[in-house]
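These notes are about the structure you will find just below.
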Amino acid sequence: MKDLKGFLDEKVEEYNRPGFITLDPISIPHQFSKKEDIEITGFIAAILAWGQRKTIINKCQELFQLMDNDPHQFIIHHKESDLRPFLSFKHRTFNDIDTLYFIHFFNWFYKKHTSLEEAFLIGQTGAQDSMFSILEQFHEFFFSIPDAPNRTKKHIATPKRKAACKRINMFLRWMVRSDDKGVDFGIWQKIKPSQLICPCDLHVDRVGRKLGLITRKQTDWQTAVELTEKLRDFDPEDPVKYDFALFGLGVEEKF
């Protein structure tokens, strides 16, 4: 395990660098400097992050161009007629109904709050294992607006349904982790990096199994927890930094 830690630490250094940004969905929020814009574009980019990375980035660019590349201002001040172009937006199973609800939620939320972090603090207990509660309560809060479309609920995963919640966990990594590498933003302070759960996507899952970090047969919430607990043995304060290593090994090196 000591050798494995050394190997993964080297891979973190190799992949946790600005060059990682260009081809990854995190490049979308990196186009903005205002905190609310980073949160909005980061959240949507993470939720749309399935399929080829190039396509994900292109679809996000398309969506935010409809907001005049000023998402927070658009969401707060748009008129109903301004929403018409969004009726044609679609990415895989994410369609106009989902897009309009996201805009509706953010309009409702940011008129009362200054940071999306507040929506994730409802289930925060401060304990290392509180991410289940954080994500469960966030899901309920996100769909607490009357007449929230039932079909949109499938796009926001919750561990209550045993989902691995890889996209939400990826978004939280972007917002919470802070280092001197310039990839993750670290603009949220009340959720600790030690609480994060590793985003268990196809590549991370495959490499994790090959390295003996995952033994569970299926890929679900408990799988993501199992992987993260192994990574905490390597770095209890910042286990999810190893997402860079596992993802890089899977995508760049076809490990």
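Here, A, B, ... name the chains of the structure tokens in the order displayed, residue numbers run from 1 inside each chain, and ligands are numbered from 1 in the same displayed order.
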**Surrounding residues of range 55-65 of chain A excluding itself and chain neighbours under 6 positions, 7 Å, only C-alpha atoms, as a ChimeraX atom specification** = /A:25,28,45,48-49,71,91
**Item:** Within 12 Å of Asp180 in chain A using only C-alpha atoms, minus same-chain residues under 6 positions, as number ranges by chain
**Value:** A: 13, 16-18, 186
**Message:** Env of range 214-227 of chain A: 10 Å cut, atoms = only C-alpha atoms, seq-sep filter 2 positions within chain, self excluded. Answer as an NGL selection string.
**Reply:** :A and (129 or 131-132 or 158-166 or 169 or 196-202 or 204-212 or 229-232 or 239-240)
Produce a file of the selected residues containing N, CA and C atoms, as a compact mmCIF listing (two decimals), in the first residue's frame.
# COMPACT_ATOMS: atom_id res chain seq x y z
N ASP A 129 -18.39 11.57 7.74
CA ASP A 129 -19.30 10.72 6.95
C ASP A 129 -20.66 11.38 6.71
N MET A 131 -21.60 13.18 4.12
CA MET A 131 -21.93 13.49 2.73
C MET A 131 -23.25 12.84 2.29
N PHE A 132 -23.59 11.69 2.83
CA PHE A 132 -24.88 11.07 2.52
C PHE A 132 -25.99 12.05 2.87
N THR A 158 -29.08 11.08 -5.85
CA THR A 158 -29.12 11.09 -4.38
C THR A 158 -28.68 9.72 -3.87
N PRO A 159 -27.87 9.69 -2.82
CA PRO A 159 -27.45 8.40 -2.26
C PRO A 159 -28.61 7.62 -1.67
N LYS A 160 -29.72 8.30 -1.41
CA LYS A 160 -30.90 7.63 -0.88
C LYS A 160 -31.38 6.56 -1.85
N ARG A 161 -31.11 6.78 -3.14
CA ARG A 161 -31.45 5.79 -4.17
C ARG A 161 -30.26 4.89 -4.50
N LYS A 162 -29.24 4.96 -3.67
CA LYS A 162 -28.01 4.15 -3.78
C LYS A 162 -27.14 4.56 -4.96
N ALA A 163 -27.40 5.72 -5.57
CA ALA A 163 -26.59 6.19 -6.69
C ALA A 163 -25.19 6.55 -6.22
N ALA A 164 -24.20 6.40 -7.09
CA ALA A 164 -22.82 6.77 -6.76
C ALA A 164 -22.66 8.29 -6.71
N CYS A 165 -23.61 9.02 -7.32
CA CYS A 165 -23.62 10.50 -7.28
C CYS A 165 -22.33 11.10 -7.83
N LYS A 166 -21.81 10.51 -8.91
CA LYS A 166 -20.49 10.91 -9.39
C LYS A 166 -20.44 12.37 -9.86
N ASN A 169 -20.64 14.74 -6.80
CA ASN A 169 -19.37 14.64 -6.07
C ASN A 169 -18.24 15.35 -6.83
N LEU A 196 -15.36 14.99 1.40
CA LEU A 196 -15.73 14.71 0.02
C LEU A 196 -15.67 13.21 -0.30
N ILE A 197 -16.50 12.81 -1.26
CA ILE A 197 -16.51 11.44 -1.76
C ILE A 197 -15.98 11.45 -3.19
N CYS A 198 -15.12 10.50 -3.50
CA CYS A 198 -14.48 10.47 -4.82
C CYS A 198 -15.52 10.23 -5.91
N PRO A 199 -15.53 11.05 -6.96
CA PRO A 199 -16.44 10.82 -8.09
C PRO A 199 -16.09 9.50 -8.77
N CYS A 200 -17.00 8.58 -8.71
CA CYS A 200 -16.71 7.21 -9.18
C CYS A 200 -17.27 7.01 -10.59
N ASP A 201 -16.60 7.62 -11.58
CA ASP A 201 -17.06 7.45 -12.96
C ASP A 201 -16.47 6.17 -13.54
N LEU A 202 -16.75 5.91 -14.79
CA LEU A 202 -16.36 4.66 -15.44
C LEU A 202 -14.85 4.43 -15.36
N VAL A 204 -12.51 5.95 -13.31
CA VAL A 204 -12.05 5.84 -11.93
C VAL A 204 -12.42 4.48 -11.35
N ASP A 205 -13.62 4.02 -11.64
CA ASP A 205 -14.10 2.71 -11.17
C ASP A 205 -13.20 1.59 -11.70
N ARG A 206 -12.90 1.65 -12.99
CA ARG A 206 -12.10 0.60 -13.61
C ARG A 206 -10.68 0.56 -13.04
N VAL A 207 -10.05 1.72 -12.94
CA VAL A 207 -8.69 1.77 -12.41
C VAL A 207 -8.67 1.41 -10.93
N GLY A 208 -9.67 1.88 -10.19
CA GLY A 208 -9.76 1.55 -8.77
C GLY A 208 -9.83 0.06 -8.53
N ARG A 209 -10.55 -0.63 -9.38
CA ARG A 209 -10.67 -2.10 -9.25
C ARG A 209 -9.34 -2.78 -9.59
N LYS A 210 -8.67 -2.31 -10.63
CA LYS A 210 -7.40 -2.90 -11.03
C LYS A 210 -6.33 -2.73 -9.95
N LEU A 211 -6.43 -1.63 -9.20
CA LEU A 211 -5.45 -1.36 -8.16
C LEU A 211 -5.86 -1.94 -6.80
N GLY A 212 -7.00 -2.62 -6.76
CA GLY A 212 -7.46 -3.26 -5.53
C GLY A 212 -8.08 -2.30 -4.53
N GLU A 229 -12.74 5.67 1.31
CA GLU A 229 -12.13 5.25 2.58
C GLU A 229 -10.72 4.72 2.36
N LYS A 230 -10.50 4.02 1.24
CA LYS A 230 -9.14 3.54 0.92
C LYS A 230 -8.24 4.73 0.63
N LEU A 231 -8.76 5.73 -0.07
CA LEU A 231 -7.96 6.91 -0.41
C LEU A 231 -7.66 7.75 0.83
N ARG A 232 -8.55 7.70 1.83
CA ARG A 232 -8.30 8.41 3.09
C ARG A 232 -7.11 7.82 3.84
N PRO A 239 -8.57 13.23 0.51
CA PRO A 239 -8.55 11.96 -0.22
C PRO A 239 -8.93 12.08 -1.69
N VAL A 240 -9.77 13.06 -2.02
CA VAL A 240 -10.32 13.14 -3.37
C VAL A 240 -9.31 13.73 -4.37
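For Leu23 in chain A, the residues within 8 Å (counting only C-alpha atoms, excluding itself and residues fewer than 4 positions away along the chain) are Ser27, Arg53 and Lys54 of chain A.
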**Request:** Using only C-alpha atoms, determine which residues lie at most 8 Å from Ile38 in chain A, disregarding the query and same-chain residues fewer than 6 positions distant; provide the list as a ChimeraX atom specification.
**Result:** /A:29-30,32
Atoms to include: N, CA and C atoms. Write the selected residues as an mmCIF file, in the first residue's frame.
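out09.cif was written with the following content:
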data_model
loop_
_atom_site.group_PDB
_atom_site.id
_atom_site.type_symbol
_atom_site.label_atom_id
_atom_site.label_comp_id
_atom_site.auth_asym_id
_atom_site.auth_seq_id
_atom_site.Cartn_x
_atom_site.Cartn_y
_atom_site.Cartn_z
ATOM 1 N N PRO A 29 -16.568 26.447 -15.947
ATOM 2 C CA PRO A 29 -16.570 27.471 -14.888
ATOM 3 C C PRO A 29 -15.282 28.288 -14.842
ATOM 4 N N HIS A 30 -14.186 27.753 -15.396
ATOM 5 C CA HIS A 30 -12.938 28.516 -15.413
ATOM 6 C C HIS A 30 -12.996 29.698 -16.372
ATOM 7 N N PHE A 32 -15.164 31.961 -16.060
ATOM 8 C CA PHE A 32 -15.837 33.007 -15.295
ATOM 9 C C PHE A 32 -15.040 33.340 -14.037
#
I want to know what sits within 10 Å of Lys241 in chain A, based on only C-alpha atoms, with residues of the same chain fewer than 3 positions away left out; could you give that as a PDB file with C-alpha atoms, in the first residue's frame?
ATOM      1  CA  LEU A   8      -0.684   7.616  -6.944  1.00  0.00           C
ATOM      2  CA  ASP A   9       0.975  10.673  -5.399  1.00  0.00           C
ATOM      3  CA  VAL A  12      -1.670  13.388  -8.767  1.00  0.00           C
ATOM      4  CA  GLU A  13       1.302  15.679  -9.428  1.00  0.00           C
ATOM      5  CA  ASN A  16      -3.447  17.999 -11.134  1.00  0.00           C
ATOM      6  CA  ARG A 173     -14.618  18.603  -5.557  1.00  0.00           C
ATOM      7  CA  ARG A 177     -10.860  21.463  -2.800  1.00  0.00           C
ATOM      8  CA  SER A 178      -8.183  24.123  -2.606  1.00  0.00           C
ATOM      9  CA  ASP A 179      -4.500  23.778  -3.496  1.00  0.00           C
ATOM     10  CA  ASP A 184     -10.185  23.107  -8.391  1.00  0.00           C
ATOM     11  CA  PRO A 193     -12.115  18.373   1.671  1.00  0.00           C
ATOM     12  CA  LEU A 196     -15.731  14.708   0.016  1.00  0.00           C
ATOM     13  CA  CYS A 198     -14.483  10.465  -4.816  1.00  0.00           C
ATOM     14  CA  LEU A 231      -7.960   6.911  -0.405  1.00  0.00           C
ATOM     15  CA  ASP A 235      -4.425  11.306   2.711  1.00  0.00           C
ATOM     16  CA  GLU A 237      -7.406  15.447   4.872  1.00  0.00           C
ATOM     17  CA  ASP A 238      -7.697  15.448   1.064  1.00  0.00           C
ATOM     18  CA  PHE A 244      -6.843  13.180 -10.689  1.00  0.00           C
ATOM     19  CA  ALA A 245      -4.579  10.119 -10.546  1.00  0.00           C
ATOM     20  CA  LEU A 246      -7.279   7.507 -11.137  1.00  0.00           C
TER      21      LEU A 246
END
**Asked** In Å, how far is it from CA of Leu172 in chain A to CA of Ile76 in chain A?
**Response** 23.2 Å
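Remark: for Gln52 in chain A, the closest of the candidate residues A:Arg151, A:Lys11, A:His104, A:Arg92 is A:Arg92 (distances computed over only C-alpha atoms).
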**Message:** Give me, as a ChimeraX atom specification, all polymer residues having an atom no more than 12 Å from range 120-125 of chain A, counting only C-alpha atoms and skipping those fewer than 2 positions away in the same chain.
**Reply:** /A:115-118,127-142,168-169,171-172,175-176,188-192,195-196
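Taking CA of Asp37 in chain A as the reference point, CA of Asp70 in chain A is found at 7.3 Å.
The smallest atom-to-atom distance between Ile26 in chain A and any of A:Met170, A:Ile103, A:Gly250, A:Asp96, using only C-alpha atoms, is found for A:Met170.
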**Prompt:** If you run DSSP on the backbone, which residues of range 54-244 of chain A are alpha helix (DSSP H), as a ChimeraX atom specification?
**Reply:** /A:54-65,71-77,96-110,117-120,131-142,166-176,202-210,221-234,242-244
**Prompt:** What does the distance between CA of Leu4 in chain A and CA of Val183 in chain A come to in Å, to one decimal place?
**Reply:** 23.6 Å
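Distance annotation: of A:Phe20, A:Ser144, A:Lys34, A:Phe247, the residue with the minimal separation from Ile187 in chain A is A:Lys34; atom set is only C-alpha atoms.
Ranking A:Leu100, A:Ile75, A:Ile47, A:Leu213 by their shortest atom-to-atom distance to His155 in chain A, with only C-alpha atoms included, puts A:Ile47 first.
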